[in-house]
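Enquirer: Quick one: this structure, given as structure tokens, is what I'll be asking you about.
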Amino acid sequence: MGSVDKCDATLPLNEMMFYVRKSKELRERWNTDLAGLCREFGVSQAEYEALRDKDVKKLHDLGVHQYYVPQMLRLFYGASANSNAHPALEAYKRAYPEESARALALAERLERGLGGPPVAGPPSPRGLGGPEMRGPHVQGQGR
């Protein structure tokens with residue numbers, strides 16, 4: 001997925017997002033004149049197309065800061081009614097299908113109370129972490 005190491009601090013789209021986040025006028029233009037806004041900030045055609053197409057992977061590959069990509073998607077789709085079917089999450093699922101499948105499977109396991117992914121290795125010794133492994137203050141015996 002996105003990485004701060006891949007971020008291109010000189011990328012015009014990163015600069016544009018810095019200002020769009022802080023300006024109501026620029027956020028309004030995002031929805032009415034995205035192409036013009038991008039031209040004004042010197043955004044390349046490749047950057048514009050990735051942004052217009054909401055192509056998360058391409059945005060990351062171009063060097064867009066990983067924290068700006070979700071903000072961009074919120075500008076397109078809004079920030080309410082977040083769910084596993086939200087269009088912003090769907091954009092990430094398309095960009096990173098394997099990682100998304102693993103994350104959603106883990107979330108489902110956690111929701112069902114099955115804990116995290118199975119851990120390979122020998123079973124834990126009986127009682128590890130139980131009351132017998134805690135100090136007397138935890139069991140209410142002394143202090």
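Every chain in the structure tokens takes a letter, A first, then B, and so on in the order presented; its residues are numbered from 1, and the ligands are numbered from 1 following the presented order.
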Please list as a PyMOL selection string every residue within 12 Å of region 10-15 of chain A, counting only C-alpha atoms and excluding residues in the same chain fewer than 4 positions away.
Expert: chain A and resi 6+19-22+34-35+37-52+59-69+71-72
Enquirer: Any chance you could export the current selection's C-alpha atoms as a PDB file, in the first residue's frame?
Expert:
ATOM      1  CA  LYS A   6       7.237   6.751  -1.933  1.00  0.00           C
ATOM      2  CA  TYR A  19      -4.071  24.083  -0.004  1.00  0.00           C
ATOM      3  CA  VAL A  20      -7.371  22.387  -0.877  1.00  0.00           C
ATOM      4  CA  ARG A  21      -7.613  21.003   2.664  1.00  0.00           C
ATOM      5  CA  LYS A  22      -7.408  24.517   4.079  1.00  0.00           C
ATOM      6  CA  LEU A  34     -11.213  19.904 -11.020  1.00  0.00           C
ATOM      7  CA  ALA A  35      -9.368  20.165 -14.353  1.00  0.00           C
ATOM      8  CA  LEU A  37      -7.832  23.602 -10.385  1.00  0.00           C
ATOM      9  CA  CYS A  38      -5.244  21.022 -11.401  1.00  0.00           C
ATOM     10  CA  ARG A  39      -3.967  23.246 -14.240  1.00  0.00           C
ATOM     11  CA  GLU A  40      -3.652  26.147 -11.815  1.00  0.00           C
ATOM     12  CA  PHE A  41      -1.353  24.086  -9.579  1.00  0.00           C
ATOM     13  CA  GLY A  42       0.663  22.620 -12.480  1.00  0.00           C
ATOM     14  CA  VAL A  43      -0.611  19.075 -11.958  1.00  0.00           C
ATOM     15  CA  SER A  44       0.577  16.763 -14.743  1.00  0.00           C
ATOM     16  CA  GLN A  45      -1.816  14.948 -17.059  1.00  0.00           C
ATOM     17  CA  ALA A  46      -0.905  11.611 -15.405  1.00  0.00           C
ATOM     18  CA  GLU A  47      -1.630  13.046 -11.945  1.00  0.00           C
ATOM     19  CA  TYR A  48      -4.923  14.549 -13.129  1.00  0.00           C
ATOM     20  CA  GLU A  49      -6.076  11.315 -14.765  1.00  0.00           C
ATOM     21  CA  ALA A  50      -5.230   9.239 -11.675  1.00  0.00           C
ATOM     22  CA  LEU A  51      -7.100  11.749  -9.520  1.00  0.00           C
ATOM     23  CA  ARG A  52     -10.092  11.996 -11.854  1.00  0.00           C
ATOM     24  CA  LEU A  59      -1.845   7.987  -7.044  1.00  0.00           C
ATOM     25  CA  HIS A  60       0.478   6.144  -4.650  1.00  0.00           C
ATOM     26  CA  ASP A  61       2.796   5.136  -7.502  1.00  0.00           C
ATOM     27  CA  LEU A  62       3.007   8.754  -8.677  1.00  0.00           C
ATOM     28  CA  GLY A  63       4.116   9.844  -5.199  1.00  0.00           C
ATOM     29  CA  VAL A  64       0.949  11.296  -3.701  1.00  0.00           C
ATOM     30  CA  HIS A  65       1.290  11.323   0.072  1.00  0.00           C
ATOM     31  CA  GLN A  66      -0.539   8.347   1.573  1.00  0.00           C
ATOM     32  CA  TYR A  67      -2.504  10.605   3.934  1.00  0.00           C
ATOM     33  CA  TYR A  68      -3.782  12.771   1.082  1.00  0.00           C
ATOM     34  CA  VAL A  69      -5.330   9.904  -0.895  1.00  0.00           C
ATOM     35  CA  GLN A  71      -8.764  12.989   1.833  1.00  0.00           C
ATOM     36  CA  MET A  72      -9.096  13.117  -1.950  1.00  0.00           C
TER      37      MET A  72
END
Enquirer: Tell me which protein, DNA and RNA residues are within 12 Å of Gly78 (chain A), counting only C-alpha atoms, leaving out same-chain ones fewer than 4 positions away, and put them as a PyMOL selection string.
Expert: chain A and resi 27+31+70-74+82+86-89
Enquirer: Counting only C-alpha atoms, which residue out of A:Tyr92, A:Arg109, A:Lys24, A:Leu114 sits closest to Asp55 (chain A)?
Expert: A:Tyr92
Enquirer: Can you work out the spacing between CA of Thr32 (chain A) and CA of Tyr77 (chain A) in Å, to one decimal?
Expert: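 Calculated distance between CA of Thr32 (chain A) and CA of Tyr77 (chain A) is 13.9 Å.
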Enquirer: If you measure from CA of Tyr96 (chain A) to CA of Lys57 (chain A), what distance in Å do you get, rounded to one decimal?
Expert: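 Atom-to-atom, CA of Tyr96 (chain A) and CA of Lys57 (chain A) are spaced 7.4 Å apart.
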Enquirer: Any chance you could list, as a PyMOL selection string, the residues in region 1-95 of chain A that come up helix (DSSP H, G or I) when DSSP is run on the backbone?
Expert: chain A and resi 4-6+12-22+24-32+34-40+45-52+56-62+68-77+87-95
Enquirer: Work out how far apart CA of Lys93 (chain A) and CA of Val56 (chain A) are and give it in Å to one decimal.
Expert: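 Result for CA of Lys93 (chain A) versus CA of Val56 (chain A): 9.3 Å, one decimal.
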